[in-house]
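Below: final01.pdb (PDB, C-alpha atoms, pLDDT in the B column)
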ATOM      1  CA  MET A  26      14.880   2.623   0.283  1.00 57.00           C
ATOM      2  CA  ASN A  27      13.624   1.088  -2.976  1.00 79.00           C
ATOM      3  CA  PHE A  28      10.221   0.102  -1.558  1.00 89.00           C
ATOM      4  CA  PRO A  29       7.126   2.074  -2.721  1.00 91.00           C
ATOM      5  CA  THR A  30       6.093   2.946   0.846  1.00 93.00           C
ATOM      6  CA  HIS A  31       4.278   6.178   0.144  1.00 92.00           C
ATOM      7  CA  SER A  32       2.135   4.800  -2.680  1.00 94.00           C
ATOM      8  CA  LEU A  33       1.232   1.680  -0.666  1.00 93.00           C
ATOM      9  CA  CYS A  34       0.246   3.811   2.343  1.00 94.00           C
ATOM     10  CA  SER A  35      -1.787   6.400   0.427  1.00 94.00           C
ATOM     11  CA  GLY A  36      -5.548   6.186   0.759  1.00 91.00           C
ATOM     12  CA  ALA A  37      -8.206   5.139   3.232  1.00 93.00           C
ATOM     13  CA  GLY A  38      -7.700   1.821   4.961  1.00 92.00           C
ATOM     14  CA  ARG A  39      -4.031   1.617   3.998  1.00 94.00           C
ATOM     15  CA  PRO A  40      -1.104   1.049   6.403  1.00 94.00           C
ATOM     16  CA  LYS A  41       0.329   3.879   8.483  1.00 95.00           C
ATOM     17  CA  GLU A  42       3.617   5.211   7.114  1.00 95.00           C
ATOM     18  CA  TYR A  43       6.544   5.692   9.496  1.00 95.00           C
ATOM     19  CA  ARG A  44       9.964   6.992   8.489  1.00 95.00           C
ATOM     20  CA  ALA A  45      13.260   5.758   9.899  1.00 95.00           C
ATOM     21  CA  ASP A  46      15.567   7.404   7.373  1.00 93.00           C
ATOM     22  CA  GLY A  47      19.226   6.789   8.032  1.00 90.00           C
ATOM     23  CA  ILE A  48      18.621   3.588  10.037  1.00 93.00           C
ATOM     24  CA  SER A  49      19.274   0.158   8.571  1.00 92.00           C
ATOM     25  CA  ILE A  50      16.706  -2.577   9.054  1.00 92.00           C
ATOM     26  CA  THR A  51      19.363  -4.789  10.670  1.00 93.00           C
ATOM     27  CA  THR A  52      19.722  -2.107  13.365  1.00 94.00           C
ATOM     28  CA  LEU A  53      15.984  -1.485  13.681  1.00 96.00           C
ATOM     29  CA  LEU A  54      14.790  -5.122  13.636  1.00 96.00           C
ATOM     30  CA  PRO A  55      16.237  -6.143  17.038  1.00 96.00           C
ATOM     31  CA  ALA A  56      14.639  -3.056  18.622  1.00 95.00           C
ATOM     32  CA  ILE A  57      11.250  -3.868  17.076  1.00 94.00           C
ATOM     33  CA  LEU A  58      11.462  -7.469  18.276  1.00 93.00           C
ATOM     34  CA  GLU A  59      12.175  -6.272  21.815  1.00 92.00           C
ATOM     35  CA  LEU A  60       8.749  -4.623  21.836  1.00 92.00           C
ATOM     36  CA  MET A  61       6.820  -6.930  19.541  1.00 89.00           C
ATOM     37  CA  PRO A  62       7.058 -10.729  19.856  1.00 86.00           C
ATOM     38  CA  LEU A  63       6.498 -12.688  16.663  1.00 87.00           C
ATOM     39  CA  ASP A  64       3.540 -14.991  15.974  1.00 85.00           C
ATOM     40  CA  LEU A  65       5.424 -18.237  15.471  1.00 80.00           C
ATOM     41  CA  TYR A  66       2.218 -20.076  14.452  1.00 77.00           C
ATOM     42  CA  HIS A  67       1.135 -17.761  11.619  1.00 72.00           C
ATOM     43  CA  GLU A  68       0.211 -19.384   8.298  1.00 69.00           C
ATOM     44  CA  TRP A  69       0.800 -17.228   5.208  1.00 60.00           C
ATOM     45  CA  GLN A  70      -2.138 -16.879   2.878  1.00 52.00           C
ATOM     46  CA  ALA A  71      -2.170 -16.396  -0.877  1.00 45.00           C
ATOM     47  CA  TYR A  72      -1.823 -12.751  -1.955  1.00 45.00           C
ATOM     48  CA  PRO A  73      -3.547 -11.934  -4.212  1.00 47.00           C
ATOM     49  CA  PRO A  74      -6.324 -14.589  -4.308  1.00 47.00           C
ATOM     50  CA  THR A  75      -5.224 -15.481  -7.842  1.00 49.00           C
ATOM     51  CA  ALA A  76      -1.689 -16.306  -6.657  1.00 50.00           C
ATOM     52  CA  PRO A  77       0.014 -19.423  -8.051  1.00 48.00           C
ATOM     53  CA  LEU A  78      -0.734 -22.734  -6.362  1.00 43.00           C
ATOM     54  CA  HIS A  79       2.567 -22.780  -4.426  1.00 46.00           C
ATOM     55  CA  PHE A  80       1.306 -19.750  -2.446  1.00 45.00           C
ATOM     56  CA  LEU A  81      -1.889 -21.591  -1.462  1.00 44.00           C
ATOM     57  CA  ASN A  82       0.084 -24.186   0.498  1.00 44.00           C
ATOM     58  CA  ALA A  83       2.334 -21.632   2.139  1.00 46.00           C
ATOM     59  CA  PRO A  84       4.368 -22.684   5.164  1.00 45.00           C
ATOM     60  CA  ARG A  85       4.021 -21.273   8.632  1.00 49.00           C
ATOM     61  CA  GLY A  86       6.325 -18.508   9.716  1.00 62.00           C
ATOM     62  CA  ALA A  87       6.424 -15.258  11.608  1.00 79.00           C
ATOM     63  CA  MET A  88       8.367 -13.390   8.957  1.00 89.00           C
ATOM     64  CA  ALA A  89       7.950 -12.932   5.221  1.00 90.00           C
ATOM     65  CA  VAL A  90      10.496 -11.495   2.830  1.00 93.00           C
ATOM     66  CA  MET A  91      10.337 -10.430  -0.787  1.00 94.00           C
ATOM     67  CA  ASP A  92      11.619 -13.317  -2.876  1.00 95.00           C
ATOM     68  CA  MET A  93      14.411 -12.648  -5.326  1.00 96.00           C
ATOM     69  CA  THR A  94      13.427 -12.722  -8.976  1.00 95.00           C
ATOM     70  CA  GLU A  95      14.478 -15.834 -10.877  1.00 95.00           C
ATOM     71  CA  GLY A  96      16.806 -13.653 -12.957  1.00 96.00           C
ATOM     72  CA  ASP A  97      18.562 -12.326  -9.846  1.00 96.00           C
ATOM     73  CA  LYS A  98      18.819 -15.840  -8.389  1.00 96.00           C
ATOM     74  CA  LEU A  99      20.541 -17.037 -11.554  1.00 97.00           C
ATOM     75  CA  LYS A 100      22.701 -13.932 -11.914  1.00 97.00           C
ATOM     76  CA  HIS A 101      23.987 -14.073  -8.319  1.00 96.00           C
ATOM     77  CA  LYS A 102      23.841 -17.888  -7.988  1.00 97.00           C
ATOM     78  CA  LEU A 103      21.727 -17.609  -4.823  1.00 96.00           C
ATOM     79  CA  ASP A 104      18.499 -19.205  -3.597  1.00 94.00           C
ATOM     80  CA  GLU A 105      17.688 -16.242  -1.365  1.00 94.00           C
ATOM     81  CA  ALA A 106      19.005 -12.774  -0.620  1.00 95.00           C
ATOM     82  CA  PRO A 107      21.885 -12.823   1.894  1.00 95.00           C
ATOM     83  CA  VAL A 108      19.983 -10.439   4.186  1.00 95.00           C
ATOM     84  CA  VAL A 109      17.383 -13.170   4.852  1.00 94.00           C
ATOM     85  CA  GLN A 110      19.879 -15.164   6.920  1.00 95.00           C
ATOM     86  CA  VAL A 111      20.707 -12.007   8.882  1.00 96.00           C
ATOM     87  CA  TYR A 112      16.979 -11.624   9.656  1.00 95.00           C
ATOM     88  CA  ARG A 113      16.781 -15.288  10.714  1.00 93.00           C
ATOM     89  CA  ASP A 114      19.754 -14.885  13.028  1.00 95.00           C
ATOM     90  CA  ILE A 115      18.276 -11.762  14.653  1.00 95.00           C
ATOM     91  CA  ALA A 116      14.828 -13.356  15.100  1.00 92.00           C
ATOM     92  CA  ASN A 117      16.194 -16.704  16.306  1.00 91.00           C
ATOM     93  CA  LYS A 118      18.291 -14.957  18.954  1.00 93.00           C
ATOM     94  CA  LYS A 119      15.366 -12.838  20.139  1.00 90.00           C
ATOM     95  CA  GLU A 120      12.738 -15.611  20.122  1.00 88.00           C
ATOM     96  CA  GLY A 121      15.001 -18.394  21.380  1.00 88.00           C
ATOM     97  CA  VAL A 122      13.700 -20.768  18.687  1.00 86.00           C
ATOM     98  CA  THR A 123      14.165 -21.254  14.957  1.00 86.00           C
ATOM     99  CA  VAL A 124      11.963 -18.694  13.241  1.00 86.00           C
ATOM    100  CA  ARG A 125      10.662 -19.682   9.840  1.00 83.00           C
ATOM    101  CA  VAL A 126      10.868 -17.108   7.053  1.00 87.00           C
ATOM    102  CA  HIS A 127       8.521 -17.303   4.076  1.00 88.00           C
ATOM    103  CA  ALA A 128       9.542 -15.828   0.691  1.00 90.00           C
ATOM    104  CA  ILE A 129       6.784 -14.069  -1.272  1.00 90.00           C
ATOM    105  CA  GLU A 130       6.942 -13.110  -4.949  1.00 91.00           C
ATOM    106  CA  ARG A 131       7.560  -9.372  -5.423  1.00 92.00           C
ATOM    107  CA  PHE A 132       4.103  -8.225  -6.550  1.00 91.00           C
ATOM    108  CA  ALA A 133       2.322 -10.550  -4.110  1.00 89.00           C
ATOM    109  CA  PHE A 134       4.532  -9.017  -1.393  1.00 91.00           C
ATOM    110  CA  TYR A 135       3.320  -5.529  -2.371  1.00 92.00           C
ATOM    111  CA  GLU A 136      -0.299  -6.698  -2.187  1.00 89.00           C
ATOM    112  CA  HIS A 137       0.272  -8.208   1.235  1.00 88.00           C
ATOM    113  CA  ALA A 138       2.062  -5.066   2.444  1.00 92.00           C
ATOM    114  CA  LYS A 139      -1.107  -3.085   1.661  1.00 92.00           C
ATOM    115  CA  THR A 140      -2.943  -5.154   4.308  1.00 88.00           C
ATOM    116  CA  THR A 141      -0.467  -4.550   7.129  1.00 90.00           C
ATOM    117  CA  TYR A 142      -0.942  -2.193  10.076  1.00 92.00           C
ATOM    118  CA  ALA A 143       2.127  -0.093   9.299  1.00 94.00           C
ATOM    119  CA  ILE A 144       5.114   0.199   6.990  1.00 95.00           C
ATOM    120  CA  ILE A 145       8.400   1.509   8.360  1.00 95.00           C
ATOM    121  CA  HIS A 146      10.532   3.001   5.612  1.00 94.00           C
ATOM    122  CA  THR A 147      14.214   2.837   6.548  1.00 93.00           C
ATOM    123  CA  GLY A 148      17.292   4.207   4.835  1.00 89.00           C
ATOM    124  CA  ASP A 149      18.509   0.685   4.086  1.00 90.00           C
ATOM    125  CA  THR A 150      19.723   0.189   0.505  1.00 91.00           C
ATOM    126  CA  THR A 151      20.322  -3.575   0.774  1.00 93.00           C
ATOM    127  CA  PRO A 152      18.615  -5.404  -2.123  1.00 93.00           C
ATOM    128  CA  TYR A 153      15.579  -7.455  -1.075  1.00 94.00           C
ATOM    129  CA  ALA A 154      15.738  -6.113   2.493  1.00 93.00           C
ATOM    130  CA  ASN A 155      11.930  -5.916   2.760  1.00 94.00           C
ATOM    131  CA  VAL A 156      10.385  -7.886   5.614  1.00 94.00           C
ATOM    132  CA  ILE A 157       6.868  -8.354   6.968  1.00 92.00           C
ATOM    133  CA  LEU A 158       6.540  -9.280  10.639  1.00 92.00           C
ATOM    134  CA  THR A 159       3.506 -10.984  12.144  1.00 86.00           C
ATOM    135  CA  ARG A 160       2.921  -9.866  15.720  1.00 84.00           C
ATOM    136  CA  GLY A 161       2.280 -12.471  18.370  1.00 77.00           C
ATOM    137  CA  VAL A 162       0.773 -12.029  21.807  1.00 73.00           C
ATOM    138  CA  CYS A 163       2.340  -9.138  23.703  1.00 65.00           C
TER
END
Turn this file's structure into structure tokens for me.
Amino acid sequence: MNFPTHSLCSGAGRPKEYRADGISITTLLPAILELMPLDLYHEWQAYPPTAPLHFLNAPRGAMAVMDMTEGDKLKHKLDEAPVVQVYRDIANKKEGVTVRVHAIERFAFYEHAKTTYAIIHTGDTTPYANVILTRGVC
């Protein structure tokens, strides 16, 4: 709900915009994973190319989430948004293995989202509920 879907999808060569208003991502994610297996061998790249060094040695993982800001981590005394574990549980159940999830800094996440095939805008209002999925072999 708080993601700038329309502005990221506007223009030539940008992702397709799909609307799923009124549906939470935790409801939609299992349905997507039924149709689209994850690429469990994907290696995340630095976005943008000037990203900090820790993005250059990014771990492998089929899913990426928007990382919480340092201020929110301190304020809520959390290392990651609670919804990330929900995503892990859904993906692990569907894939039958432990799915790695990579956290990407907010603005780097926006840049990466611009390079995706599609963005599905849901009605979910959960903070940091943004997720990028990397499709495996169907």
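CA of Met88 (chain A) lies 14.7 Å from CA of Thr140 (chain A).
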How big is the axis-aligned box, and where does its centre sit, when it encloses all atoms of region 148-163 of chain A listed in the file and has 5 Å added on every side, reported in Å to one decimal as AutoDock Vina command-line options?
--center_x 10.5 --center_y -4.1 --center_z 10.8 --size_x 29.5 --size_y 26.7 --size_z 35.8
With the PyMOL selection byres ((chain A and resi 30-44) around 8) as the selection, what would be picked from this file? Answer as a PDB file with C-alpha atoms, in the frame of the given file, please.
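Dumped everything to part.pdb:
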ATOM      1  CA  PHE A  28      10.221   0.102  -1.558  1.00 89.00           C
ATOM      2  CA  PRO A  29       7.126   2.074  -2.721  1.00 91.00           C
ATOM      3  CA  ALA A  45      13.260   5.758   9.899  1.00 95.00           C
ATOM      4  CA  ASP A  46      15.567   7.404   7.373  1.00 93.00           C
ATOM      5  CA  TYR A 135       3.320  -5.529  -2.371  1.00 92.00           C
ATOM      6  CA  ALA A 138       2.062  -5.066   2.444  1.00 92.00           C
ATOM      7  CA  LYS A 139      -1.107  -3.085   1.661  1.00 92.00           C
ATOM      8  CA  THR A 140      -2.943  -5.154   4.308  1.00 88.00           C
ATOM      9  CA  THR A 141      -0.467  -4.550   7.129  1.00 90.00           C
ATOM     10  CA  TYR A 142      -0.942  -2.193  10.076  1.00 92.00           C
ATOM     11  CA  ALA A 143       2.127  -0.093   9.299  1.00 94.00           C
ATOM     12  CA  ILE A 144       5.114   0.199   6.990  1.00 95.00           C
ATOM     13  CA  ILE A 145       8.400   1.509   8.360  1.00 95.00           C
ATOM     14  CA  HIS A 146      10.532   3.001   5.612  1.00 94.00           C
ATOM     15  CA  THR A 147      14.214   2.837   6.548  1.00 93.00           C
TER      16      THR A 147
END
Interatomic distance, CA of Asp64 (chain A) to CA of Gly47 (chain A) (Å, one decimal): 28.0 Å
Hey, what comes out of the PyMOL selection byres ((chain A and resi 159) around 7) on this file? Could you write it as a ChimeraX atom specification? /A:63-64,87-88,157-158,160-161
In terms of the shortest atom-to-atom distance over all atoms listed in the file, which of A:Ile50, A:Ile115, A:Val162, A:Val109 is closest to Ala89 (chain A)? A:Val109
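Pairwise distance (CA of Pro55 (chain A), CA of Glu95 (chain A)) equals 29.6 Å.
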Can you pull out the residues contacting Ser49 (chain A)? Cut-off 9 Å, using only C-alpha atoms, and skip same-chain residues under 6 positions away; I want them as JSON, numbers by chain. {"A": [147, 148, 149, 150, 151]}
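Every protein or nucleic acid residue with an atom no more than 12 Å from Pro152 (chain A), counting all atoms listed in the file and leaving out same-chain residues fewer than 4 positions away, appears here: Met26, Asn27, Phe28, Ile50, Val90, Met91, Asp92, Met93, Thr94, Asp97, His101, Glu105, Ala106, Pro107, Val108, Val109, Gly148 and Val156 of chain A.
Distances from A:Glu120, A:Glu130, A:Asp104, A:Asp114 to Thr51 (chain A) were compared using all atoms listed in the file, and the smallest one belongs to A:Asp114.
Using all atoms listed in the file, the nearest neighbour of Thr52 (chain A) within the list A:Asn155, A:Arg131, A:Lys118, A:Tyr112 is A:Tyr112.
Evaluating the PyMOL selection byres ((chain A and resi 124) around 8) against the shown model yields Leu65, Gly86, Ala87, Met88, Arg113, Ala116, Asn117, Glu120, Val122, Thr123, Arg125 and Val126 of chain A.
Proximity of A:Ala154, A:Leu58, A:Ala133, A:Leu53 to Gln110 (chain A), computed with all atoms listed in the file, is greatest for A:Ala154.
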Can you write region 91-102 of chain A from the block above with N, CA, C and O atoms, as a PDB file, in the first residue's frame?
ATOM      1  N   MET A  91      12.601  -5.394   1.496  1.00  0.00           N
ATOM      2  CA  MET A  91      13.120  -4.083   1.831  1.00  0.00           C
ATOM      3  C   MET A  91      13.586  -4.114   3.279  1.00  0.00           C
ATOM      4  O   MET A  91      12.820  -4.476   4.180  1.00  0.00           O
ATOM      5  N   ASP A  92      14.839  -3.772   3.486  1.00  0.00           N
ATOM      6  CA  ASP A  92      15.400  -3.759   4.838  1.00  0.00           C
ATOM      7  C   ASP A  92      14.793  -2.622   5.645  1.00  0.00           C
ATOM      8  O   ASP A  92      14.501  -1.546   5.111  1.00  0.00           O
ATOM      9  N   MET A  93      14.618  -2.858   6.919  1.00  0.00           N
ATOM     10  CA  MET A  93      14.160  -1.800   7.817  1.00  0.00           C
ATOM     11  C   MET A  93      15.248  -0.740   7.941  1.00  0.00           C
ATOM     12  O   MET A  93      16.440  -1.055   7.875  1.00  0.00           O
ATOM     13  N   THR A  94      14.849   0.499   8.132  1.00  0.00           N
ATOM     14  CA  THR A  94      15.836   1.544   8.376  1.00  0.00           C
ATOM     15  C   THR A  94      16.475   1.295   9.735  1.00  0.00           C
ATOM     16  O   THR A  94      15.889   0.633  10.608  1.00  0.00           O
ATOM     17  N   GLU A  95      17.677   1.814   9.917  1.00  0.00           N
ATOM     18  CA  GLU A  95      18.357   1.642  11.211  1.00  0.00           C
ATOM     19  C   GLU A  95      17.532   2.253  12.333  1.00  0.00           C
ATOM     20  O   GLU A  95      17.444   1.704  13.430  1.00  0.00           O
ATOM     21  N   GLY A  96      16.882   3.387  12.047  1.00  0.00           N
ATOM     22  CA  GLY A  96      16.037   4.032  13.056  1.00  0.00           C
ATOM     23  C   GLY A  96      14.878   3.147  13.482  1.00  0.00           C
ATOM     24  O   GLY A  96      14.566   3.044  14.669  1.00  0.00           O
ATOM     25  N   ASP A  97      14.235   2.482  12.506  1.00  0.00           N
ATOM     26  CA  ASP A  97      13.124   1.585  12.840  1.00  0.00           C
ATOM     27  C   ASP A  97      13.618   0.346  13.578  1.00  0.00           C
ATOM     28  O   ASP A  97      12.945  -0.165  14.467  1.00  0.00           O
ATOM     29  N   LYS A  98      14.802  -0.142  13.212  1.00  0.00           N
ATOM     30  CA  LYS A  98      15.361  -1.305  13.925  1.00  0.00           C
ATOM     31  C   LYS A  98      15.593  -0.969  15.390  1.00  0.00           C
ATOM     32  O   LYS A  98      15.266  -1.771  16.277  1.00  0.00           O
ATOM     33  N   LEU A  99      16.145   0.211  15.641  1.00  0.00           N
ATOM     34  CA  LEU A  99      16.386   0.638  17.022  1.00  0.00           C
ATOM     35  C   LEU A  99      15.080   0.911  17.758  1.00  0.00           C
ATOM     36  O   LEU A  99      14.905   0.487  18.907  1.00  0.00           O
ATOM     37  N   LYS A 100      14.168   1.601  17.108  1.00  0.00           N
ATOM     38  CA  LYS A 100      12.892   1.959  17.718  1.00  0.00           C
ATOM     39  C   LYS A 100      12.093   0.723  18.139  1.00  0.00           C
ATOM     40  O   LYS A 100      11.515   0.672  19.223  1.00  0.00           O
ATOM     41  N   HIS A 101      12.054  -0.288  17.259  1.00  0.00           N
ATOM     42  CA  HIS A 101      11.251  -1.485  17.518  1.00  0.00           C
ATOM     43  C   HIS A 101      12.056  -2.648  18.095  1.00  0.00           C
ATOM     44  O   HIS A 101      11.500  -3.714  18.352  1.00  0.00           O
ATOM     45  N   LYS A 102      13.380  -2.421  18.260  1.00  0.00           N
ATOM     46  CA  LYS A 102      14.279  -3.450  18.805  1.00  0.00           C
ATOM     47  C   LYS A 102      14.173  -4.748  18.001  1.00  0.00           C
ATOM     48  O   LYS A 102      14.010  -5.842  18.538  1.00  0.00           O
TER      49      LYS A 102
END
